[in-house]
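So this one's protein-v9.cif, mmCIF, C-alpha atoms:
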data_coords
loop_
_atom_site.label_atom_id
_atom_site.label_comp_id
_atom_site.auth_asym_id
_atom_site.auth_seq_id
_atom_site.Cartn_x
_atom_site.Cartn_y
_atom_site.Cartn_z
CA ASP A 1 96.76 169.15 -122.59
CA PHE A 2 100.44 169.70 -123.24
CA TYR A 3 102.57 172.67 -122.30
CA LEU A 4 105.53 173.36 -124.59
CA GLY A 5 107.49 176.32 -123.31
CA PRO A 6 110.17 177.60 -120.96
CA ASN A 7 110.52 176.15 -117.49
CA ASP A 8 109.96 179.63 -116.10
CA TYR A 9 108.26 180.03 -112.71
CA ARG A 10 106.34 183.19 -113.62
CA THR A 11 105.12 181.77 -116.94
CA LEU A 12 104.03 178.47 -115.43
CA LYS A 13 102.28 180.19 -112.53
CA SER A 14 100.34 182.48 -114.90
CA TYR A 15 98.30 179.49 -116.14
CA ASP A 16 96.91 179.00 -112.62
CA LEU A 17 97.04 175.20 -113.01
CA ASN A 18 99.87 174.51 -110.51
CA TYR A 19 102.32 174.00 -113.38
CA GLU A 20 104.92 175.89 -111.34
CA LYS A 21 105.14 172.95 -108.93
CA ILE A 22 107.29 171.03 -111.42
CA ILE A 23 110.16 173.41 -110.63
CA PRO A 24 112.16 171.79 -107.78
CA LEU A 25 112.23 174.55 -105.17
CA GLY A 26 112.42 172.23 -102.15
CA GLY A 27 110.04 171.23 -99.37
CA TRP A 28 107.25 173.35 -97.95
CA LEU A 29 109.43 175.64 -95.81
CA VAL A 30 112.28 176.04 -98.31
CA GLY A 31 109.85 176.28 -101.24
CA TRP A 32 107.74 178.83 -99.37
CA PHE A 33 110.79 181.04 -98.76
CA SER A 34 111.87 180.71 -102.40
CA ARG A 35 108.45 181.66 -103.78
CA LEU A 36 107.74 184.56 -101.41
CA VAL A 37 111.21 186.06 -100.92
CA ILE A 38 113.95 184.85 -103.27
CA ILE A 39 112.10 184.79 -106.61
CA PRO A 40 110.39 188.20 -106.14
CA CYS A 41 113.71 189.75 -105.00
CA PHE A 42 115.59 188.16 -107.92
CA ASP A 43 112.97 189.30 -110.44
CA PHE A 44 112.84 192.84 -109.03
CA LEU A 45 116.60 193.32 -109.26
CA GLY A 46 116.63 191.72 -112.72
CA LYS A 47 114.33 194.46 -114.02
CA PHE A 48 116.98 197.12 -113.43
CA ILE A 49 120.24 195.16 -113.79
CA SER A 50 121.02 193.05 -116.85
CA ASN A 51 124.15 191.46 -115.37
CA TYR A 52 123.00 188.51 -113.25
CA GLY A 53 126.34 188.33 -111.48
CA LEU A 54 125.61 191.78 -110.03
CA VAL A 55 122.02 190.73 -109.28
CA ILE A 56 123.30 187.81 -107.19
CA LEU A 57 125.79 190.10 -105.44
CA LEU A 58 123.09 192.62 -104.45
CA MET A 59 120.68 189.88 -103.42
CA THR A 60 123.34 188.29 -101.20
CA LEU A 61 124.03 191.64 -99.57
CA LEU A 62 120.30 192.25 -98.95
CA ILE A 63 119.88 188.81 -97.37
CA LYS A 64 122.90 189.37 -95.11
CA LEU A 65 121.49 192.72 -93.98
CA LEU A 66 118.09 191.12 -93.41
CA ILE A 67 119.44 188.42 -91.09
CA SER A 68 122.08 190.60 -89.42
CA PRO A 69 120.00 190.96 -86.18
CA LEU A 70 120.01 187.15 -85.85
CA THR A 71 123.75 187.07 -86.52
CA ILE A 72 124.46 189.70 -83.84
CA LYS A 73 122.25 187.82 -81.37
CA SER A 74 124.19 184.63 -82.03
CA TYR A 75 127.57 186.33 -81.53
CA LYS A 76 126.36 187.98 -78.31
CA SER A 77 125.36 184.61 -76.90
CA SER A 78 128.72 183.09 -77.88
CA ALA A 79 130.62 186.03 -76.35
CA LYS A 80 128.72 185.71 -73.07
CA MET A 81 129.46 181.99 -72.96
CA GLN A 82 133.16 182.80 -73.31
CA VAL A 83 133.00 185.33 -70.47
CA ILE A 84 131.32 182.97 -67.98
CA LYS A 85 133.37 179.91 -68.96
CA PRO A 86 135.64 180.14 -65.85
CA GLU A 87 132.54 180.08 -63.63
CA VAL A 88 131.11 177.11 -65.53
CA ASP A 89 134.43 175.29 -65.02
CA LYS A 90 134.17 175.97 -61.27
CA LEU A 91 130.71 174.39 -61.22
CA ASN A 92 132.08 171.31 -63.00
CA GLN A 93 134.74 171.01 -60.30
CA LYS A 94 132.20 171.61 -57.53
CA TYR A 95 129.85 168.86 -58.79
CA PRO A 96 132.11 166.16 -60.29
CA ASP A 97 129.85 163.20 -59.42
CA GLN A 98 127.02 161.99 -61.63
CA LYS A 99 124.68 161.94 -58.64
CA ASP A 100 125.02 165.74 -58.44
CA ALA A 101 124.19 166.23 -62.11
CA MET A 102 120.84 167.79 -61.28
CA LYS A 103 122.41 170.27 -58.87
CA LYS A 104 125.07 171.19 -61.42
CA GLN A 105 122.46 171.71 -64.11
CA GLN A 106 120.37 173.90 -61.84
CA ALA A 107 123.40 175.97 -60.80
CA THR A 108 124.39 176.33 -64.46
CA MET A 109 120.90 177.50 -65.39
CA GLU A 110 121.00 180.07 -62.59
CA LEU A 111 124.36 181.29 -63.88
CA TYR A 112 122.96 181.56 -67.41
CA GLN A 113 119.94 183.48 -66.14
CA LYS A 114 122.14 185.87 -64.17
CA ALA A 115 124.24 186.51 -67.26
CA GLY A 116 121.19 186.86 -69.50
CA ILE A 117 122.07 183.83 -71.62
CA SER A 118 119.55 181.61 -73.32
CA PRO A 119 120.75 177.99 -73.78
CA MET A 120 119.45 178.15 -77.37
CA GLY A 121 120.64 181.72 -77.93
CA GLY A 122 123.68 180.71 -79.95
CA CYS A 123 122.28 177.96 -82.17
CA LEU A 124 118.68 179.09 -82.69
CA PRO A 125 119.58 182.12 -84.88
CA MET A 126 121.81 179.86 -86.98
CA LEU A 127 119.02 177.30 -87.35
CA LEU A 128 116.69 180.02 -88.59
CA GLN A 129 119.17 180.76 -91.39
CA MET A 130 119.20 177.18 -92.66
CA PRO A 131 116.06 177.58 -94.84
CA ILE A 132 117.83 180.40 -96.69
CA LEU A 133 120.87 178.22 -97.46
CA PHE A 134 118.72 175.34 -98.68
CA ALA A 135 116.47 177.67 -100.67
CA MET A 136 119.47 179.04 -102.54
CA PHE A 137 120.71 175.50 -103.10
CA ARG A 138 117.42 174.75 -104.86
CA PHE A 139 116.80 178.07 -106.57
CA PHE A 140 119.97 178.69 -108.61
CA PRO A 141 120.16 175.31 -110.40
CA ALA A 142 116.43 175.58 -111.24
CA SER A 143 116.43 179.20 -112.47
CA ILE A 144 115.97 179.40 -116.25
CA ASP A 145 116.94 183.10 -116.19
CA LEU A 146 120.57 182.14 -115.56
CA ARG A 147 120.91 179.97 -118.67
CA GLN A 148 123.53 181.28 -121.13
CA GLN A 149 124.23 184.21 -118.81
CA LYS A 150 127.95 185.02 -118.69
CA PHE A 151 129.82 186.45 -115.72
CA LEU A 152 133.58 186.81 -115.29
CA TRP A 153 135.08 183.49 -116.47
CA ALA A 154 131.77 181.59 -116.36
CA ASP A 155 130.13 181.16 -119.79
CA ASP A 156 126.84 179.94 -118.28
CA LEU A 157 125.81 180.69 -114.69
CA SER A 158 123.32 177.82 -114.75
CA ALA A 159 126.14 175.29 -115.35
CA TYR A 160 129.50 174.71 -113.68
CA ASP A 161 132.36 177.07 -114.57
CA SER A 162 135.08 174.67 -115.70
CA ILE A 163 138.59 176.14 -115.86
CA TRP A 164 140.33 172.76 -116.26
CA ASN A 165 138.97 169.69 -117.99
CA PHE A 166 140.81 166.57 -116.79
CA GLY A 167 139.89 164.37 -119.73
CA VAL A 168 138.99 161.55 -117.34
CA ASN A 169 136.23 161.19 -114.79
CA VAL A 170 137.51 161.47 -111.21
CA PRO A 171 135.26 159.75 -108.61
CA LEU A 172 133.11 162.27 -106.68
CA LEU A 173 134.78 165.21 -108.45
CA GLY A 174 133.88 164.72 -112.11
CA ASP A 175 135.96 165.53 -115.16
CA HIS A 176 136.60 169.22 -114.48
CA LEU A 177 137.53 171.86 -111.91
CA SER A 178 135.08 174.65 -111.09
CA LEU A 179 136.83 177.83 -109.99
CA PHE A 180 133.84 179.31 -108.15
CA ALA A 181 133.46 176.07 -106.19
CA LEU A 182 137.17 176.09 -105.34
CA LEU A 183 137.11 179.74 -104.19
CA MET A 184 133.98 179.03 -102.17
CA ALA A 185 135.71 176.17 -100.35
CA VAL A 186 138.80 178.31 -99.66
CA THR A 187 136.74 181.14 -98.15
CA MET A 188 134.76 178.61 -96.13
CA PHE A 189 138.05 177.26 -94.74
CA PHE A 190 139.26 180.72 -93.70
CA TYR A 191 135.89 181.59 -92.16
CA SER A 192 136.00 178.36 -90.12
CA LYS A 193 139.51 179.25 -88.94
CA MET A 194 138.30 182.75 -88.10
CA THR A 195 135.42 181.50 -85.95
CA ASP A 196 137.19 178.46 -84.48
CA ASP A 197 135.98 177.90 -80.91
CA PRO A 198 138.62 176.50 -78.49
CA ASN A 199 135.79 174.90 -76.49
CA MET A 200 134.82 172.82 -79.54
CA ALA A 201 138.24 171.31 -80.23
CA GLY A 202 136.67 167.96 -81.05
CA MET A 203 134.75 169.52 -83.95
CA LYS A 204 137.72 171.45 -85.37
CA PHE A 205 138.60 168.92 -88.07
CA MET A 206 134.98 168.69 -89.20
CA SER A 207 134.36 172.45 -89.38
CA VAL A 208 137.75 173.63 -90.65
CA TRP A 209 138.68 170.84 -93.05
CA MET A 210 135.87 168.36 -93.69
CA MET A 211 133.01 170.78 -94.42
CA PRO A 212 134.91 172.93 -96.98
CA ILE A 213 136.14 169.78 -98.78
CA MET A 214 132.64 168.27 -98.81
CA MET A 215 131.10 171.50 -100.11
CA PHE A 216 133.72 171.71 -102.85
CA PHE A 217 132.93 168.19 -104.08
CA ILE A 218 129.20 168.93 -103.95
CA CYS A 219 129.32 172.32 -105.72
CA ASN A 220 131.94 171.40 -108.32
CA ASN A 221 129.23 169.84 -110.51
CA LEU A 222 126.44 172.32 -109.71
CA SER A 223 125.65 175.72 -111.20
CA ALA A 224 128.29 178.44 -111.05
CA ALA A 225 125.66 180.83 -109.68
CA LEU A 226 125.24 178.66 -106.58
CA SER A 227 128.97 178.47 -105.86
CA TYR A 228 129.27 182.20 -106.59
CA TYR A 229 126.48 182.95 -104.08
CA TYR A 230 128.13 180.81 -101.37
CA LEU A 231 131.46 182.52 -102.14
CA LEU A 232 129.91 185.97 -101.70
CA SER A 233 128.07 184.82 -98.58
CA ASN A 234 131.33 183.63 -97.01
CA ILE A 235 133.12 186.90 -97.85
CA PHE A 236 130.30 189.07 -96.49
CA THR A 237 130.02 186.90 -93.37
CA MET A 238 133.75 187.22 -92.66
CA ALA A 239 133.54 191.01 -93.05
CA GLN A 240 130.43 191.08 -90.87
CA THR A 241 132.11 188.92 -88.21
CA TRP A 242 135.14 191.20 -88.09
CA TYR A 243 132.93 194.29 -87.75
CA ILE A 244 130.73 192.76 -85.03
CA ARG A 245 133.73 191.60 -83.00
CA LYS A 246 135.50 194.94 -83.42
CA PHE A 247 132.68 197.40 -82.82
CA VAL A 248 129.43 195.71 -81.74
CA VAL A 249 130.03 192.70 -79.47
CA THR A 250 133.23 193.63 -77.64
CA GLU A 251 134.16 191.94 -74.35
CA ASP A 252 133.77 195.20 -72.40
CA ARG A 253 130.26 195.75 -73.76
CA VAL A 254 129.28 192.15 -73.04
CA ARG A 255 130.51 192.39 -69.44
CA ALA A 256 128.71 195.71 -68.92
CA GLU A 257 125.48 194.23 -70.27
CA MET A 258 125.85 191.18 -68.02
CA VAL A 259 126.41 193.41 -64.93
CA ALA A 260 123.33 195.47 -65.79
CA ASN A 261 121.31 192.31 -66.40
CA ALA A 262 122.42 190.75 -63.08
CA ASN A 263 120.95 193.69 -61.15
CA LYS A 264 117.51 193.25 -62.65
CA PRO A 265 114.91 191.19 -60.74
CA LYS A 266 114.57 187.72 -62.23
CA GLN A 267 111.62 185.41 -62.53
CA LYS A 268 112.24 181.72 -62.68
CA SER A 269 111.39 180.21 -66.03
CA LYS A 270 109.10 177.20 -66.32
CA TRP A 271 112.15 175.13 -67.29
CA GLN A 272 113.98 176.17 -64.13
CA GLN A 273 110.91 175.48 -62.00
CA ARG A 274 110.63 171.97 -63.47
CA LEU A 275 114.35 171.47 -62.91
CA GLU A 276 114.05 172.43 -59.23
CA GLU A 277 111.04 170.16 -58.81
CA ALA A 278 112.98 167.28 -60.37
CA GLN A 279 115.90 167.97 -58.03
CA ARG A 280 113.61 167.91 -54.97
CA MET A 281 112.14 164.60 -56.12
CA GLN A 282 115.62 163.17 -56.64
CA GLU A 283 116.75 164.28 -53.17
CA GLN A 284 113.60 162.78 -51.64
CA MET A 285 114.22 159.46 -53.42
CA GLN A 286 117.80 159.43 -52.14
CA LYS A 287 116.60 160.04 -48.58
CA ASN A 288 114.04 157.24 -48.87
CA SER A 289 116.66 154.83 -50.20
CA ARG A 290 118.88 155.46 -47.13
CA ARG A 291 116.12 154.44 -44.70
#
Please go through the file and, once you have read it, give me the structure as structure tokens.
Amino acid sequence: DFYLGPNDYRTLKSYDLNYEKIIPLGGWLVGWFSRLVIIPCFDFLGKFISNYGLVILLMTLLIKLLISPLTIKSYKSSAKMQVIKPEVDKLNQKYPDQKDAMKKQQATMELYQKAGISPMGGCLPMLLQMPILFAMFRFFPASIDLRQQKFLWADDLSAYDSIWNFGVNVPLLGDHLSLFALLMAVTMFFYSKMTDDPNMAGMKFMSVWMMPIMMFFICNNLSAALSYYYLLSNIFTMAQTWYIRKFVVTEDRVRAEMVANANKPKQKSKWQQRLEEAQRMQEQMQKNSRR
């Protein structure tokens, strides 16, 4: 049997012969998110809005609102880490030797627990957002609905939006300049500057300069819709960051929450119990070695 027709997910799926699997939507997690969330949302908005540039804008806004609780949780964890940093520095001065590493780790965990901080509280919400980023990276280049769809200066959202053809092929860049990719990289640079953490000075070059440049080279030859989505995502994230810092996760609110949390009775976590047990074993081994 041969199928001669559009590479459309809905059409292929209607045959109930797994034809839709030829569309590269990513691995099981990314593909699952694309099939159950992104494609239905994209199709639903497309029924009422003929301009796919506006569809992508609304879909980006909906996704940002959907994951906003995770974003706020991540910022709260980062703000608390900033507040207790002086106390963490004191612990580093109190236990400078490697032999006291276990004691320092236990004291740090107790400080985190007192402040209501989870060691994974800052990075876990960001990790949960990664499938969304990869799903979009797969979805837009594979979407047949975007072919020949114009938006702003882009003649075809499924292809790159060239505003300058070089006439020669530049290594890694290609023979053109995509404006959406360039704007995406610029907003990514400003967002990195906006969220630059002084405690991560060693990563500053990578986050502020290297990542935007790498993303520009990657997206310059991909679909304009993808670069446009990342551009919108960066703009919305910057606006969201400003709002959260200004009105939601202020230093006064964080300190008040930490004071209220410190007065609550605490139960030692299994991790802390194992840490204390390991410390007792280490101390016992040190005593035995002195005999």
> Near Phe140 in chain A, within 8 Å and counting all atoms listed in the file, which residues show up once chain neighbours fewer than 6 positions away are dropped, as a list in words?
Replying inline: Leu146, Ser158, Ser223, Ala225 and Leu226 of chain A
>> Just to confirm, what's the straight-line distance from CA of Met136 in chain A to CA of Tyr75 in chain A in Å (one decimal)?
In response: 23.7 Å
>> Here's the selection I'm unsure about, the PyMOL selection byres ((chain A and resi 4-20) around 8); applied to the file above, which residues does it give, as an NGL selection string?
In response: :A and (2-3 or 21-23 or 143-145)
> Can you tell me, as JSON, numbers by chain, what residues are no more than 8 Å from Asp156 in chain A when counting only C-alpha atoms, ignoring any on the same chain fewer than 6 positions away?
Replying inline: {"A": [146, 147, 148, 149, 150, 224]}
What does the PyMOL selection byres ((chain A and resi 212) around 6) select in this file, as a PDB file with C-alpha atoms, in the frame of the given file?
ATOM      1  CA  ALA A 185     135.710 176.170-100.350  1.00  0.00           C
ATOM      2  CA  MET A 188     134.760 178.610 -96.130  1.00  0.00           C
ATOM      3  CA  PHE A 189     138.050 177.260 -94.740  1.00  0.00           C
ATOM      4  CA  TRP A 209     138.680 170.840 -93.050  1.00  0.00           C
ATOM      5  CA  MET A 210     135.870 168.360 -93.690  1.00  0.00           C
ATOM      6  CA  MET A 211     133.010 170.780 -94.420  1.00  0.00           C
ATOM      7  CA  ILE A 213     136.140 169.780 -98.780  1.00  0.00           C
ATOM      8  CA  MET A 214     132.640 168.270 -98.810  1.00  0.00           C
ATOM      9  CA  MET A 215     131.100 171.500-100.110  1.00  0.00           C
TER      10      MET A 215
END
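With CA of Tyr228 in chain A on one side and CA of Lys76 in chain A on the other, the separation reads 29.0 Å.
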> Which is closer to Thr237 in chain A than all the others in A:Ile39, A:Val170, A:Ala260, A:Ile67, using all atoms listed in the file?
Replying inline: A:Ile67
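Taken over the whole file, the PyMOL selection byres ((chain A and resi 91) around 10) covers exactly Lys85, Pro86, Glu87, Val88, Asp89, Lys90, Asn92, Gln93, Lys94, Tyr95, Pro96, Lys103, Lys104, Gln105, Ala107, Thr108 and Leu111 of chain A.
CA of Trp153 in chain A is found 22.4 Å from CA of Asn169 in chain A.
Restricting the calculation to all atoms listed in the file, the smallest distance between Glu110 in chain A and any of A:Leu133, A:Met206, A:Ile84, A:Ile56 is found for A:Ile84.
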> Which is closest to Val208 in chain A among A:Lys64, A:Thr187, A:Ser227, A:Gly27, if we use all atoms listed in the file?
Replying inline: A:Thr187
Since the input is missing atoms, can you rebuild N, CA and C atoms for range 147-163 of chain A and write them as a PDB file, in the frame of the given file?
ATOM      1  N   ARG A 147     120.372 180.746-117.552  1.00  0.00           N
ATOM      2  CA  ARG A 147     120.910 179.970-118.670  1.00  0.00           C
ATOM      3  C   ARG A 147     121.538 180.887-119.718  1.00  0.00           C
ATOM      4  N   GLN A 148     122.742 180.535-120.131  1.00  0.00           N
ATOM      5  CA  GLN A 148     123.530 181.280-121.130  1.00  0.00           C
ATOM      6  C   GLN A 148     123.943 182.675-120.643  1.00  0.00           C
ATOM      7  N   GLN A 149     123.822 182.924-119.354  1.00  0.00           N
ATOM      8  CA  GLN A 149     124.230 184.210-118.810  1.00  0.00           C
ATOM      9  C   GLN A 149     125.696 184.155-118.386  1.00  0.00           C
ATOM     10  N   LYS A 150     126.518 185.020-118.968  1.00  0.00           N
ATOM     11  CA  LYS A 150     127.950 185.020-118.690  1.00  0.00           C
ATOM     12  C   LYS A 150     128.274 185.960-117.538  1.00  0.00           C
ATOM     13  N   PHE A 151     129.316 185.584-116.788  1.00  0.00           N
ATOM     14  CA  PHE A 151     129.820 186.450-115.720  1.00  0.00           C
ATOM     15  C   PHE A 151     131.253 186.059-115.403  1.00  0.00           C
ATOM     16  N   LEU A 152     132.143 187.041-115.482  1.00  0.00           N
ATOM     17  CA  LEU A 152     133.580 186.810-115.290  1.00  0.00           C
ATOM     18  C   LEU A 152     134.036 185.668-116.203  1.00  0.00           C
ATOM     19  N   TRP A 153     134.582 184.601-115.642  1.00  0.00           N
ATOM     20  CA  TRP A 153     135.080 183.490-116.470  1.00  0.00           C
ATOM     21  C   TRP A 153     134.000 182.443-116.772  1.00  0.00           C
ATOM     22  N   ALA A 154     132.839 182.574-116.158  1.00  0.00           N
ATOM     23  CA  ALA A 154     131.770 181.590-116.360  1.00  0.00           C
ATOM     24  C   ALA A 154     130.996 181.925-117.639  1.00  0.00           C
ATOM     25  N   ASP A 155     130.884 180.961-118.548  1.00  0.00           N
ATOM     26  CA  ASP A 155     130.130 181.160-119.790  1.00  0.00           C
ATOM     27  C   ASP A 155     128.631 180.966-119.592  1.00  0.00           C
ATOM     28  N   ASP A 156     128.253 180.237-118.536  1.00  0.00           N
ATOM     29  CA  ASP A 156     126.840 179.940-118.280  1.00  0.00           C
ATOM     30  C   ASP A 156     126.662 179.776-116.775  1.00  0.00           C
ATOM     31  N   LEU A 157     125.977 180.734-116.142  1.00  0.00           N
ATOM     32  CA  LEU A 157     125.810 180.690-114.690  1.00  0.00           C
ATOM     33  C   LEU A 157     124.932 179.543-114.219  1.00  0.00           C
ATOM     34  N   SER A 158     124.170 178.943-115.138  1.00  0.00           N
ATOM     35  CA  SER A 158     123.320 177.820-114.750  1.00  0.00           C
ATOM     36  C   SER A 158     124.073 176.497-114.761  1.00  0.00           C
ATOM     37  N   ALA A 159     125.307 176.497-115.299  1.00  0.00           N
ATOM     38  CA  ALA A 159     126.140 175.290-115.350  1.00  0.00           C
ATOM     39  C   ALA A 159     127.430 175.548-114.578  1.00  0.00           C
ATOM     40  N   TYR A 160     128.233 174.522-114.398  1.00  0.00           N
ATOM     41  CA  TYR A 160     129.500 174.710-113.680  1.00  0.00           C
ATOM     42  C   TYR A 160     130.486 175.489-114.540  1.00  0.00           C
ATOM     43  N   ASP A 161     131.375 176.219-113.892  1.00  0.00           N
ATOM     44  CA  ASP A 161     132.360 177.070-114.570  1.00  0.00           C
ATOM     45  C   ASP A 161     133.705 176.343-114.629  1.00  0.00           C
ATOM     46  N   SER A 162     133.872 175.487-115.599  1.00  0.00           N
ATOM     47  CA  SER A 162     135.080 174.670-115.700  1.00  0.00           C
ATOM     48  C   SER A 162     136.258 175.517-116.181  1.00  0.00           C
ATOM     49  N   ILE A 163     137.357 175.471-115.427  1.00  0.00           N
ATOM     50  CA  ILE A 163     138.590 176.140-115.860  1.00  0.00           C
ATOM     51  C   ILE A 163     139.665 175.107-116.205  1.00  0.00           C
TER      52      ILE A 163
END
